[in-house]
Amino acid sequence: IVEDRGAEREISSPRLFKRNRAMSYTIEKISKIIKAKYVGEAPDVKILRLLTDSRSLSFPDETLFFAIVTQHGDGHNYIDELYTRGVRNFVVNKKFDSDRYPEAQFLVVEDTLCALQRLASHHRNRFDIPVVGITGSDGKTIVKEWLYQLTADTHIVTRSPRSYNSQIGVPLSVWMLDEKSTLGIFEAGISRPEEMHKLQKIINPTIGIITNISEAHQENFSNMHEKCAEKLSLFKNCDIIIYNGDDTFIAECVRQSLIPSREIAWSCKDAERPLFISSIEKGTESTKITYRYLSFENSYTIPFLDDASIEDSINCLATALYLMVPAEVIAGRMATLEPVAMRLEVKEGVNNCVLINDNSNSDTASLDIALDFMERRCSAMPHLRQTLILSDLKETGQTTRSLYRTVARYIEKRGIEKFIGIGRDIKSEAARFEKM
């Protein structure tokens, strides 16, 4: 049962995936999507990767580079370097001498960032699956990662890597949706007015979660209500909105937003709410949360004691219940929730060794980001050798053979000198890593 501004309705089944024959795009197709002027010949090249930072290049032959202009730099300055490194496909918004790049294809647009966002929005609209959009001042990444841990048994999840929640990060995240995805989880962050409507078009969530509203990034808003209203605009097409119904400020902002969505406004005080938290019992190392949903009593335990983690877990609970994840699965997963590292941890080791720890790494997208981070660190310290220690990647939705073929490609492209694999699945594909 969910609330529809006071009414009660049955929960509808989560949307199913609309199968697509292929998720790759040709340059010609992308040109039409972003309404670009095409300069160059049109070979039958498939674009699988979008790039905005030249330092993250790994597969030039399947990459499309967007030369984005920001306050801190101009992507057009890196076209020479990228062309030398093998990139042949570029989105630009400046006049240039195309004769200098005889093998390149250029898509000329008025605004490269808008073109990136338009392409990601088109890609998102090819999917008819549940998509969760998360916003708020704090806790977005934690809710996203914990929700992934709760749903990985029942869905093939595509989610924002790290904290990719900006005007550039969101389209790069949504681009990762593919034909195997059955659930998307994306976070959206803003720092000024008129930003969220762009992210809404890209994520177009069916399920919305607002974590909280604080003074963070307040300098560009006239008041807290304006900022909350801007964040809530992410949910204008949502089927349901999830939030803490005991937070009177957010509850009032949701009411004033006039967004025609149902809601799960969970509560620790109001027993009439669809999701009622009947008790929160803190122990020495864990917290037990008892709740009532659809007239059934259940409980779960999390290995955390702080109030922020408790609230984040309840937002995840509400979402998982709406997605029809069984209560026993939720309880089992809640008990093993892991702390979310907000960034890659860099530690000094013995014998002049530098350790880069990524304990939340669980898919190839996260692995690629971690390897990119290591490669950048090593470029500043060329005397260091690059070693990767990797355990089995679970719940990726890929076959073991396909998964570790991709991992081997990443290792080769990133120049890893030594590889140590741990786990039954990696061992079964050991032949792929014999040269390392």
# chains A, B, ... in the order shown; residues from 1 in each chain; ligands from 1

$ residues_around --residues "Glu28 of chain A" --least-positions-apart "3" --cutoff "10 Å" --atoms "only C-alpha atoms" --output "list in words"
Tyr25, Ser31, Lys32, Ile33, Ala36, Tyr38, Glu41, Ala42, Pro43, Asp44, Val45, Lys46, Gln105 and Leu107 of chain A

$ write_last_selection --atoms "all heavy atoms" --output "compact mmCIF listing (two decimals), in the first residue's frame"
# COMPACT_ATOMS: atom_id res chain seq x y z
N TYR A 25 25.73 2.42 -31.01
CA TYR A 25 25.32 3.50 -31.89
C TYR A 25 26.41 3.76 -32.94
O TYR A 25 27.60 3.73 -32.62
CB TYR A 25 25.11 4.80 -31.10
CG TYR A 25 23.98 4.76 -30.11
CD1 TYR A 25 24.13 4.12 -28.88
CD2 TYR A 25 22.77 5.38 -30.39
CE1 TYR A 25 23.09 4.11 -27.96
CE2 TYR A 25 21.72 5.38 -29.47
CZ TYR A 25 21.89 4.73 -28.26
OH TYR A 25 20.86 4.72 -27.35
N SER A 31 24.88 11.47 -34.74
CA SER A 31 24.80 12.79 -35.37
C SER A 31 23.35 13.26 -35.47
O SER A 31 23.04 14.42 -35.21
CB SER A 31 25.44 12.75 -36.76
OG SER A 31 25.34 14.00 -37.40
N LYS A 32 22.46 12.35 -35.83
CA LYS A 32 21.05 12.71 -35.94
C LYS A 32 20.43 12.98 -34.58
O LYS A 32 19.62 13.89 -34.41
CB LYS A 32 20.29 11.60 -36.66
CG LYS A 32 20.69 11.44 -38.13
CD LYS A 32 19.93 10.28 -38.77
CE LYS A 32 20.33 10.12 -40.24
NZ LYS A 32 19.64 8.95 -40.87
N ILE A 33 20.82 12.19 -33.58
CA ILE A 33 20.25 12.35 -32.24
C ILE A 33 20.60 13.69 -31.64
O ILE A 33 19.75 14.38 -31.06
CB ILE A 33 20.74 11.20 -31.33
CG1 ILE A 33 20.17 9.87 -31.79
CG2 ILE A 33 20.35 11.47 -29.87
CD1 ILE A 33 20.80 8.67 -31.10
N ALA A 36 23.71 17.32 -35.04
CA ALA A 36 25.03 17.86 -35.32
C ALA A 36 25.27 18.00 -36.82
O ALA A 36 24.65 17.31 -37.64
CB ALA A 36 26.11 16.94 -34.73
N TYR A 38 27.78 17.15 -39.65
CA TYR A 38 28.78 16.09 -39.76
C TYR A 38 29.93 16.53 -40.66
O TYR A 38 29.70 17.03 -41.75
CB TYR A 38 28.14 14.82 -40.31
CG TYR A 38 29.03 13.62 -40.23
CD1 TYR A 38 29.07 12.83 -39.10
CD2 TYR A 38 29.87 13.29 -41.29
CE1 TYR A 38 29.90 11.73 -39.02
CE2 TYR A 38 30.70 12.20 -41.22
CZ TYR A 38 30.72 11.42 -40.09
OH TYR A 38 31.56 10.35 -40.01
N GLU A 41 34.22 11.50 -43.22
CA GLU A 41 33.57 10.35 -43.81
C GLU A 41 32.82 9.59 -42.72
O GLU A 41 33.01 9.83 -41.53
CB GLU A 41 34.61 9.45 -44.49
CG GLU A 41 35.33 10.14 -45.64
CD GLU A 41 36.29 9.22 -46.35
OE1 GLU A 41 36.37 8.04 -45.95
OE2 GLU A 41 36.96 9.68 -47.29
N ALA A 42 31.96 8.69 -43.12
CA ALA A 42 31.10 7.99 -42.16
C ALA A 42 31.35 6.49 -42.18
O ALA A 42 30.55 5.73 -42.73
CB ALA A 42 29.64 8.28 -42.45
N PRO A 43 32.45 6.03 -41.60
CA PRO A 43 32.70 4.59 -41.55
C PRO A 43 31.70 3.91 -40.61
O PRO A 43 31.11 4.54 -39.74
CB PRO A 43 34.12 4.50 -41.00
CG PRO A 43 34.29 5.74 -40.19
CD PRO A 43 33.51 6.80 -40.92
N ASP A 44 31.54 2.63 -40.78
CA ASP A 44 30.58 1.89 -39.98
C ASP A 44 31.19 1.53 -38.62
O ASP A 44 31.38 0.37 -38.29
CB ASP A 44 30.15 0.62 -40.72
CG ASP A 44 29.00 -0.09 -40.01
OD1 ASP A 44 28.28 0.60 -39.26
OD2 ASP A 44 28.84 -1.30 -40.21
N VAL A 45 31.52 2.56 -37.84
CA VAL A 45 32.15 2.36 -36.54
C VAL A 45 31.08 2.42 -35.46
O VAL A 45 30.18 3.25 -35.50
CB VAL A 45 33.25 3.42 -36.28
CG1 VAL A 45 32.69 4.82 -36.32
CG2 VAL A 45 33.95 3.17 -34.96
N LYS A 46 31.18 1.51 -34.49
CA LYS A 46 30.24 1.47 -33.38
C LYS A 46 30.83 2.20 -32.18
O LYS A 46 31.97 1.95 -31.79
CB LYS A 46 29.93 0.02 -33.01
CG LYS A 46 29.25 -0.77 -34.12
CD LYS A 46 27.85 -0.25 -34.38
CE LYS A 46 27.16 -1.03 -35.50
NZ LYS A 46 26.92 -2.43 -35.13
N GLN A 105 36.28 11.90 -37.61
CA GLN A 105 34.91 12.32 -37.83
C GLN A 105 34.54 13.33 -36.75
O GLN A 105 34.77 13.08 -35.56
CB GLN A 105 33.93 11.14 -37.74
CG GLN A 105 34.00 10.19 -38.92
CD GLN A 105 35.30 9.40 -38.99
OE1 GLN A 105 36.01 9.48 -39.98
NE2 GLN A 105 35.61 8.67 -37.94
N LEU A 107 31.51 15.85 -35.15
CA LEU A 107 30.12 16.25 -35.04
C LEU A 107 30.10 17.64 -34.42
O LEU A 107 30.48 17.82 -33.26
CB LEU A 107 29.34 15.27 -34.17
CG LEU A 107 29.42 13.79 -34.57
CD1 LEU A 107 28.52 12.95 -33.69
CD2 LEU A 107 29.06 13.60 -36.04

$ select_by_dssp --residues "segment 288-360 of chain A" --states "alpha helix (DSSP H)" --output "ChimeraX atom specification"
/A:307-322,327-334

$ closest_residue --among "A:Leu384, A:Val254, A:Ser295, A:His155" --to "Asn351 of chain A" --atoms "only C-alpha atoms"
A:Leu384

$ atom_distance --atom1 "atom CA of Asp270 of chain A" --atom2 "atom CA of Pro130 of chain A"
28.4 Å

$ atom_distance --atom1 "atom CA of Asp74 of chain A" --atom2 "atom CA of Leu51 of chain A"
13.7 Å

$ residues_around --residues "segment 202-211 of chain A" --least-positions-apart "2" --cutoff "8 Å" --atoms "only C-alpha atoms" --output "PDB file with N, CA, C and O atoms, in the first residue's frame"
ATOM      1  N   GLN A 117      24.207  15.474 -23.019  1.00  0.00           N
ATOM      2  CA  GLN A 117      22.991  15.241 -22.251  1.00  0.00           C
ATOM      3  C   GLN A 117      21.847  14.767 -23.151  1.00  0.00           C
ATOM      4  O   GLN A 117      21.062  13.904 -22.762  1.00  0.00           O
ATOM      5  N   ARG A 118      21.763  15.302 -24.347  1.00  0.00           N
ATOM      6  CA  ARG A 118      20.712  14.893 -25.277  1.00  0.00           C
ATOM      7  C   ARG A 118      20.894  13.430 -25.687  1.00  0.00           C
ATOM      8  O   ARG A 118      19.929  12.673 -25.783  1.00  0.00           O
ATOM      9  N   ALA A 120      22.427  11.061 -23.932  1.00  0.00           N
ATOM     10  CA  ALA A 120      22.119  10.215 -22.778  1.00  0.00           C
ATOM     11  C   ALA A 120      20.616  10.119 -22.554  1.00  0.00           C
ATOM     12  O   ALA A 120      20.095   9.050 -22.212  1.00  0.00           O
ATOM     13  N   SER A 121      19.895  11.223 -22.753  1.00  0.00           N
ATOM     14  CA  SER A 121      18.446  11.212 -22.598  1.00  0.00           C
ATOM     15  C   SER A 121      17.795  10.279 -23.625  1.00  0.00           C
ATOM     16  O   SER A 121      16.878   9.512 -23.297  1.00  0.00           O
ATOM     17  N   HIS A 122      18.277  10.330 -24.854  1.00  0.00           N
ATOM     18  CA  HIS A 122      17.770   9.427 -25.895  1.00  0.00           C
ATOM     19  C   HIS A 122      18.019   7.973 -25.500  1.00  0.00           C
ATOM     20  O   HIS A 122      17.131   7.118 -25.651  1.00  0.00           O
ATOM     21  N   ARG A 124      18.442   6.725 -22.469  1.00  0.00           N
ATOM     22  CA  ARG A 124      17.571   6.359 -21.338  1.00  0.00           C
ATOM     23  C   ARG A 124      16.166   5.983 -21.811  1.00  0.00           C
ATOM     24  O   ARG A 124      15.554   5.030 -21.300  1.00  0.00           O
ATOM     25  N   PRO A 130      12.322  -0.161 -14.141  1.00  0.00           N
ATOM     26  CA  PRO A 130      12.331   0.736 -12.985  1.00  0.00           C
ATOM     27  C   PRO A 130      13.662   1.491 -12.914  1.00  0.00           C
ATOM     28  O   PRO A 130      14.726   0.885 -13.025  1.00  0.00           O
ATOM     29  N   VAL A 131      13.579   2.793 -12.749  1.00  0.00           N
ATOM     30  CA  VAL A 131      14.778   3.618 -12.598  1.00  0.00           C
ATOM     31  C   VAL A 131      14.603   4.475 -11.341  1.00  0.00           C
ATOM     32  O   VAL A 131      13.621   5.206 -11.213  1.00  0.00           O
ATOM     33  N   VAL A 132      15.550   4.353 -10.426  1.00  0.00           N
ATOM     34  CA  VAL A 132      15.508   5.088  -9.169  1.00  0.00           C
ATOM     35  C   VAL A 132      16.365   6.347  -9.302  1.00  0.00           C
ATOM     36  O   VAL A 132      17.532   6.268  -9.684  1.00  0.00           O
ATOM     37  N   GLY A 133      15.762   7.498  -8.985  1.00  0.00           N
ATOM     38  CA  GLY A 133      16.494   8.753  -8.931  1.00  0.00           C
ATOM     39  C   GLY A 133      16.616   9.198  -7.490  1.00  0.00           C
ATOM     40  O   GLY A 133      15.618   9.264  -6.762  1.00  0.00           O
ATOM     41  N   ILE A 134      17.843   9.472  -7.049  1.00  0.00           N
ATOM     42  CA  ILE A 134      18.099   9.832  -5.645  1.00  0.00           C
ATOM     43  C   ILE A 134      18.663  11.238  -5.578  1.00  0.00           C
ATOM     44  O   ILE A 134      19.638  11.560  -6.271  1.00  0.00           O
ATOM     45  N   THR A 135      18.054  12.087  -4.770  1.00  0.00           N
ATOM     46  CA  THR A 135      18.590  13.421  -4.557  1.00  0.00           C
ATOM     47  C   THR A 135      18.467  13.776  -3.081  1.00  0.00           C
ATOM     48  O   THR A 135      17.894  13.031  -2.292  1.00  0.00           O
ATOM     49  N   GLY A 136      19.008  14.924  -2.705  1.00  0.00           N
ATOM     50  CA  GLY A 136      19.047  15.346  -1.310  1.00  0.00           C
ATOM     51  C   GLY A 136      20.397  15.983  -1.037  1.00  0.00           C
ATOM     52  O   GLY A 136      21.272  16.039  -1.904  1.00  0.00           O
ATOM     53  N   SER A 137      20.581  16.459   0.178  1.00  0.00           N
ATOM     54  CA  SER A 137      21.841  17.128   0.515  1.00  0.00           C
ATOM     55  C   SER A 137      22.918  16.152   0.951  1.00  0.00           C
ATOM     56  O   SER A 137      24.098  16.343   0.671  1.00  0.00           O
ATOM     57  N   ASP A 138      22.538  15.100   1.646  1.00  0.00           N
ATOM     58  CA  ASP A 138      23.498  14.115   2.154  1.00  0.00           C
ATOM     59  C   ASP A 138      22.944  12.707   1.953  1.00  0.00           C
ATOM     60  O   ASP A 138      21.731  12.509   1.881  1.00  0.00           O
ATOM     61  N   GLY A 139      23.839  11.739   1.876  1.00  0.00           N
ATOM     62  CA  GLY A 139      23.432  10.339   1.884  1.00  0.00           C
ATOM     63  C   GLY A 139      23.079   9.751   0.534  1.00  0.00           C
ATOM     64  O   GLY A 139      22.713   8.570   0.459  1.00  0.00           O
ATOM     65  N   LYS A 140      23.196  10.527  -0.554  1.00  0.00           N
ATOM     66  CA  LYS A 140      22.782  10.009  -1.872  1.00  0.00           C
ATOM     67  C   LYS A 140      23.590   8.774  -2.267  1.00  0.00           C
ATOM     68  O   LYS A 140      23.031   7.761  -2.706  1.00  0.00           O
ATOM     69  N   VAL A 170      26.071  12.533 -14.590  1.00  0.00           N
ATOM     70  CA  VAL A 170      24.795  11.835 -14.782  1.00  0.00           C
ATOM     71  C   VAL A 170      24.672  11.246 -16.189  1.00  0.00           C
ATOM     72  O   VAL A 170      24.342  10.064 -16.335  1.00  0.00           O
ATOM     73  N   PRO A 171      24.913  12.015 -17.260  1.00  0.00           N
ATOM     74  CA  PRO A 171      24.803  11.383 -18.584  1.00  0.00           C
ATOM     75  C   PRO A 171      25.799  10.250 -18.795  1.00  0.00           C
ATOM     76  O   PRO A 171      25.465   9.248 -19.444  1.00  0.00           O
ATOM     77  N   VAL A 174      24.139   7.227 -17.009  1.00  0.00           N
ATOM     78  CA  VAL A 174      22.967   6.676 -17.695  1.00  0.00           C
ATOM     79  C   VAL A 174      23.378   5.949 -18.967  1.00  0.00           C
ATOM     80  O   VAL A 174      22.745   4.966 -19.369  1.00  0.00           O
ATOM     81  N   PHE A 186      20.371   5.942  -9.999  1.00  0.00           N
ATOM     82  CA  PHE A 186      21.223   7.083 -10.312  1.00  0.00           C
ATOM     83  C   PHE A 186      20.983   8.211  -9.314  1.00  0.00           C
ATOM     84  O   PHE A 186      19.842   8.495  -8.941  1.00  0.00           O
ATOM     85  N   LYS A 198      17.476  19.537 -16.267  1.00  0.00           N
ATOM     86  CA  LYS A 198      18.332  18.869 -17.255  1.00  0.00           C
ATOM     87  C   LYS A 198      18.603  17.432 -16.836  1.00  0.00           C
ATOM     88  O   LYS A 198      18.568  16.510 -17.655  1.00  0.00           O
ATOM     89  N   LEU A 199      18.866  17.244 -15.533  1.00  0.00           N
ATOM     90  CA  LEU A 199      19.138  15.895 -15.047  1.00  0.00           C
ATOM     91  C   LEU A 199      17.876  15.041 -15.065  1.00  0.00           C
ATOM     92  O   LEU A 199      17.940  13.825 -15.277  1.00  0.00           O
ATOM     93  N   GLN A 200      16.715  15.678 -14.851  1.00  0.00           N
ATOM     94  CA  GLN A 200      15.455  14.931 -14.887  1.00  0.00           C
ATOM     95  C   GLN A 200      15.228  14.301 -16.259  1.00  0.00           C
ATOM     96  O   GLN A 200      14.794  13.156 -16.368  1.00  0.00           O
ATOM     97  N   ILE A 213      17.388  17.616   3.373  1.00  0.00           N
ATOM     98  CA  ILE A 213      17.785  18.927   2.861  1.00  0.00           C
ATOM     99  C   ILE A 213      18.555  19.640   3.962  1.00  0.00           C
ATOM    100  O   ILE A 213      18.064  19.787   5.082  1.00  0.00           O
ATOM    101  N   LEU A 232      13.168  18.498  -5.897  1.00  0.00           N
ATOM    102  CA  LEU A 232      11.968  17.697  -6.118  1.00  0.00           C
ATOM    103  C   LEU A 232      11.546  17.669  -7.578  1.00  0.00           C
ATOM    104  O   LEU A 232      10.815  16.755  -7.996  1.00  0.00           O
ATOM    105  N   LEU A 234      13.136  16.712  -9.910  1.00  0.00           N
ATOM    106  CA  LEU A 234      13.639  15.465 -10.489  1.00  0.00           C
ATOM    107  C   LEU A 234      12.526  14.423 -10.597  1.00  0.00           C
ATOM    108  O   LEU A 234      12.566  13.543 -11.452  1.00  0.00           O
ATOM    109  N   PHE A 235      11.499  14.544  -9.752  1.00  0.00           N
ATOM    110  CA  PHE A 235      10.494  13.493  -9.621  1.00  0.00           C
ATOM    111  C   PHE A 235       9.206  13.768 -10.383  1.00  0.00           C
ATOM    112  O   PHE A 235       8.202  13.086 -10.151  1.00  0.00           O
ATOM    113  N   ASN A 237       7.904  13.035 -13.139  1.00  0.00           N
ATOM    114  CA  ASN A 237       7.255  11.935 -13.855  1.00  0.00           C
ATOM    115  C   ASN A 237       7.312  10.617 -13.093  1.00  0.00           C
ATOM    116  O   ASN A 237       7.052   9.555 -13.663  1.00  0.00           O
ATOM    117  N   CYS A 238       7.646  10.673 -11.803  1.00  0.00           N
ATOM    118  CA  CYS A 238       7.797   9.445 -11.021  1.00  0.00           C
ATOM    119  C   CYS A 238       6.457   8.789 -10.744  1.00  0.00           C
ATOM    120  O   CYS A 238       5.422   9.451 -10.612  1.00  0.00           O
ATOM    121  N   ASP A 239       6.493   7.472 -10.619  1.00  0.00           N
ATOM    122  CA  ASP A 239       5.330   6.731 -10.154  1.00  0.00           C
ATOM    123  C   ASP A 239       5.158   6.882  -8.652  1.00  0.00           C
ATOM    124  O   ASP A 239       4.031   6.837  -8.141  1.00  0.00           O
ATOM    125  N   ILE A 240       6.274   7.033  -7.944  1.00  0.00           N
ATOM    126  CA  ILE A 240       6.225   7.086  -6.481  1.00  0.00           C
ATOM    127  C   ILE A 240       7.411   7.883  -5.947  1.00  0.00           C
ATOM    128  O   ILE A 240       8.494   7.878  -6.550  1.00  0.00           O
ATOM    129  N   ILE A 241       7.192   8.577  -4.816  1.00  0.00           N
ATOM    130  CA  ILE A 241       8.249   9.328  -4.138  1.00  0.00           C
ATOM    131  C   ILE A 241       8.409   8.757  -2.738  1.00  0.00           C
ATOM    132  O   ILE A 241       7.415   8.519  -2.035  1.00  0.00           O
ATOM    133  N   ILE A 242       9.652   8.549  -2.322  1.00  0.00           N
ATOM    134  CA  ILE A 242       9.968   7.963  -1.013  1.00  0.00           C
ATOM    135  C   ILE A 242      10.742   8.978  -0.188  1.00  0.00           C
ATOM    136  O   ILE A 242      11.728   9.553  -0.671  1.00  0.00           O
ATOM    137  N   TYR A 243      10.296   9.202   1.060  1.00  0.00           N
ATOM    138  CA  TYR A 243      10.985  10.160   1.930  1.00  0.00           C
ATOM    139  C   TYR A 243      10.548   9.941   3.368  1.00  0.00           C
ATOM    140  O   TYR A 243       9.601   9.194   3.655  1.00  0.00           O
ATOM    141  N   ASN A 244      11.236  10.619   4.281  1.00  0.00           N
ATOM    142  CA  ASN A 244      10.927  10.559   5.709  1.00  0.00           C
ATOM    143  C   ASN A 244       9.721  11.445   5.991  1.00  0.00           C
ATOM    144  O   ASN A 244       9.810  12.668   5.991  1.00  0.00           O
ATOM    145  N   ASP A 312      19.068   6.224   6.299  1.00  0.00           N
ATOM    146  CA  ASP A 312      19.415   5.766   4.946  1.00  0.00           C
ATOM    147  C   ASP A 312      18.894   4.349   4.707  1.00  0.00           C
ATOM    148  O   ASP A 312      18.385   4.031   3.625  1.00  0.00           O
ATOM    149  N   ASN A 315      15.103   4.389   3.980  1.00  0.00           N
ATOM    150  CA  ASN A 315      14.831   4.791   2.591  1.00  0.00           C
ATOM    151  C   ASN A 315      15.065   3.622   1.636  1.00  0.00           C
ATOM    152  O   ASN A 315      14.293   3.404   0.694  1.00  0.00           O
ATOM    153  N   THR A 319      12.186   1.434  -0.677  1.00  0.00           N
ATOM    154  CA  THR A 319      12.372   1.221  -2.120  1.00  0.00           C
ATOM    155  C   THR A 319      12.386  -0.255  -2.463  1.00  0.00           C
ATOM    156  O   THR A 319      11.751  -0.696  -3.427  1.00  0.00           O
TER     157      THR A 319
END

$ closest_residue --among "A:Gln167, A:Thr151, A:Ser261, A:Ser54" --to "Met334 of chain A" --atoms "only C-alpha atoms"
A:Thr151

$ residues_around --residues "His225 of chain A" --least-positions-apart "3" --cutoff "9 Å" --atoms "only C-alpha atoms" --output "PyMOL selection string"
chain A and resi 221-222+228-230+249-250+253

$ write_last_selection --atoms "all heavy atoms" --output "compact mmCIF listing (two decimals), in the first residue's frame"
# COMPACT_ATOMS: atom_id res chain seq x y z
N PHE A 221 20.90 29.72 -3.79
CA PHE A 221 19.45 29.69 -3.66
C PHE A 221 19.00 30.76 -2.68
O PHE A 221 19.68 31.03 -1.68
CB PHE A 221 18.98 28.31 -3.19
CG PHE A 221 19.26 27.21 -4.17
CD1 PHE A 221 20.44 26.48 -4.11
CD2 PHE A 221 18.34 26.91 -5.16
CE1 PHE A 221 20.70 25.47 -5.01
CE2 PHE A 221 18.58 25.88 -6.08
CZ PHE A 221 19.77 25.17 -6.00
N SER A 222 17.86 31.34 -2.94
CA SER A 222 17.37 32.43 -2.08
C SER A 222 16.93 31.91 -0.72
O SER A 222 17.02 32.63 0.28
CB SER A 222 16.21 33.17 -2.77
OG SER A 222 15.15 32.27 -3.05
N CYS A 228 14.80 23.01 -2.12
CA CYS A 228 14.05 21.76 -2.03
C CYS A 228 13.14 21.58 -3.24
O CYS A 228 13.04 20.48 -3.80
CB CYS A 228 13.23 21.74 -0.74
SG CYS A 228 12.45 20.14 -0.39
N ALA A 229 12.48 22.66 -3.67
CA ALA A 229 11.61 22.58 -4.85
C ALA A 229 12.40 22.20 -6.09
O ALA A 229 11.93 21.43 -6.93
CB ALA A 229 10.89 23.91 -5.05
N GLU A 230 13.62 22.75 -6.22
CA GLU A 230 14.47 22.42 -7.37
C GLU A 230 14.84 20.94 -7.34
O GLU A 230 14.78 20.26 -8.37
CB GLU A 230 15.74 23.28 -7.33
CG GLU A 230 16.74 22.97 -8.44
CD GLU A 230 16.32 23.49 -9.80
OE1 GLU A 230 15.38 24.30 -9.87
OE2 GLU A 230 16.94 23.09 -10.80
N PHE A 249 9.56 19.59 7.09
CA PHE A 249 9.97 20.51 6.02
C PHE A 249 9.84 19.83 4.66
O PHE A 249 9.23 20.37 3.73
CB PHE A 249 11.39 20.99 6.25
CG PHE A 249 11.94 21.82 5.12
CD1 PHE A 249 11.49 23.13 4.92
CD2 PHE A 249 12.87 21.30 4.23
CE1 PHE A 249 11.98 23.90 3.87
CE2 PHE A 249 13.36 22.06 3.19
CZ PHE A 249 12.91 23.37 3.01
N ILE A 250 10.41 18.63 4.53
CA ILE A 250 10.32 17.93 3.25
C ILE A 250 8.87 17.57 2.93
O ILE A 250 8.42 17.70 1.78
CB ILE A 250 11.20 16.66 3.26
CG1 ILE A 250 12.69 17.06 3.24
CG2 ILE A 250 10.89 15.76 2.07
CD1 ILE A 250 13.64 15.90 3.20
N CYS A 253 7.22 20.58 1.53
CA CYS A 253 7.72 20.87 0.17
C CYS A 253 7.12 19.90 -0.85
O CYS A 253 6.77 20.29 -1.96
CB CYS A 253 9.25 20.78 0.14
SG CYS A 253 10.09 22.14 0.97

$ atom_distance --atom1 "atom CA of Thr182 of chain A" --atom2 "atom CA of Ile129 of chain A"
5.8 Å

$ residues_around --residues "Thr52 of chain A" --least-positions-apart "4" --cutoff "9 Å" --atoms "only C-alpha atoms" --output "mmCIF file with N, CA, C and O atoms, in the first residue's frame"
data_model
loop_
_atom_site.group_PDB
_atom_site.id
_atom_site.type_symbol
_atom_site.label_atom_id
_atom_site.label_comp_id
_atom_site.auth_asym_id
_atom_site.auth_seq_id
_atom_site.Cartn_x
_atom_site.Cartn_y
_atom_site.Cartn_z
ATOM 1 N N SER A 56 41.255 9.599 -19.137
ATOM 2 C CA SER A 56 40.562 8.335 -18.892
ATOM 3 C C SER A 56 40.437 7.464 -20.133
ATOM 4 O O SER A 56 39.710 6.473 -20.127
ATOM 5 N N LEU A 64 33.829 8.026 -28.300
ATOM 6 C CA LEU A 64 33.418 9.326 -28.825
ATOM 7 C C LEU A 64 33.771 10.373 -27.778
ATOM 8 O O LEU A 64 33.281 10.324 -26.646
ATOM 9 N N PHE A 65 34.625 11.332 -28.148
ATOM 10 C CA PHE A 65 35.077 12.363 -27.218
ATOM 11 C C PHE A 65 34.236 13.621 -27.361
ATOM 12 O O PHE A 65 34.079 14.155 -28.463
ATOM 13 N N PHE A 66 33.694 14.092 -26.240
ATOM 14 C CA PHE A 66 32.956 15.348 -26.194
ATOM 15 C C PHE A 66 33.886 16.439 -25.666
ATOM 16 O O PHE A 66 34.337 16.372 -24.517
ATOM 17 N N ALA A 67 34.189 17.419 -26.517
ATOM 18 C CA ALA A 67 35.099 18.514 -26.138
ATOM 19 C C ALA A 67 34.296 19.557 -25.361
ATOM 20 O O ALA A 67 33.830 20.556 -25.912
ATOM 21 N N ILE A 68 34.144 19.328 -24.063
ATOM 22 C CA ILE A 68 33.303 20.187 -23.227
ATOM 23 C C ILE A 68 34.121 21.355 -22.686
ATOM 24 O O ILE A 68 35.268 21.190 -22.261
ATOM 25 N N GLY A 75 37.911 21.275 -23.568
ATOM 26 C CA GLY A 75 38.220 19.969 -24.125
ATOM 27 C C GLY A 75 38.793 20.014 -25.521
ATOM 28 O O GLY A 75 39.473 19.067 -25.949
ATOM 29 N N ILE A 168 27.733 16.507 -15.941
ATOM 30 C CA ILE A 168 28.518 15.604 -16.795
ATOM 31 C C ILE A 168 28.418 14.164 -16.295
ATOM 32 O O ILE A 168 28.272 13.229 -17.071
ATOM 33 N N LEU A 172 27.003 10.364 -18.256
ATOM 34 C CA LEU A 172 27.962 9.268 -18.378
ATOM 35 C C LEU A 172 27.460 8.028 -17.644
ATOM 36 O O LEU A 172 27.699 6.894 -18.078
#

$ select_by_dssp --residues "segment 164-396 of chain A" --states "strand (DSSP E)" --output "PyMOL selection string"
chain A and resi 183-187+207-210+240-244+262-266+275-282+287-293+296-302+345-348+354-357+387-391

$ residues_around --residues "Ser181 of chain A" --least-positions-apart "5" --cutoff "8 Å" --atoms "only C-alpha atoms" --output "list in words"
Phe17, His155, Ile156, Val157 and Thr158 of chain A

$ residues_around --residues "Cys378 of chain A" --least-positions-apart "3" --cutoff "12 Å" --atoms "only C-alpha atoms" --output "list of chain:residue names"
A:Cys353, A:Val354, A:Leu355, A:Ile356, A:Leu371, A:Asp372, A:Phe373, A:Met374, A:Glu375, A:Met381, A:Pro382, A:His383, A:Leu384, A:Arg385, A:Gln386, A:Thr387, A:Arg414, A:Gly415, A:Ile416, A:Glu417

$ closest_residue --among "A:Leu367, A:Arg424, A:Thr336, A:His72" --to "Arg409 of chain A" --atoms "only C-alpha atoms"
A:Leu367

$ closest_residue --among "A:Asp306, A:Ser313, A:Thr400, A:Ala408" --to "Ile289 of chain A" --atoms "only C-alpha atoms"
A:Ser313
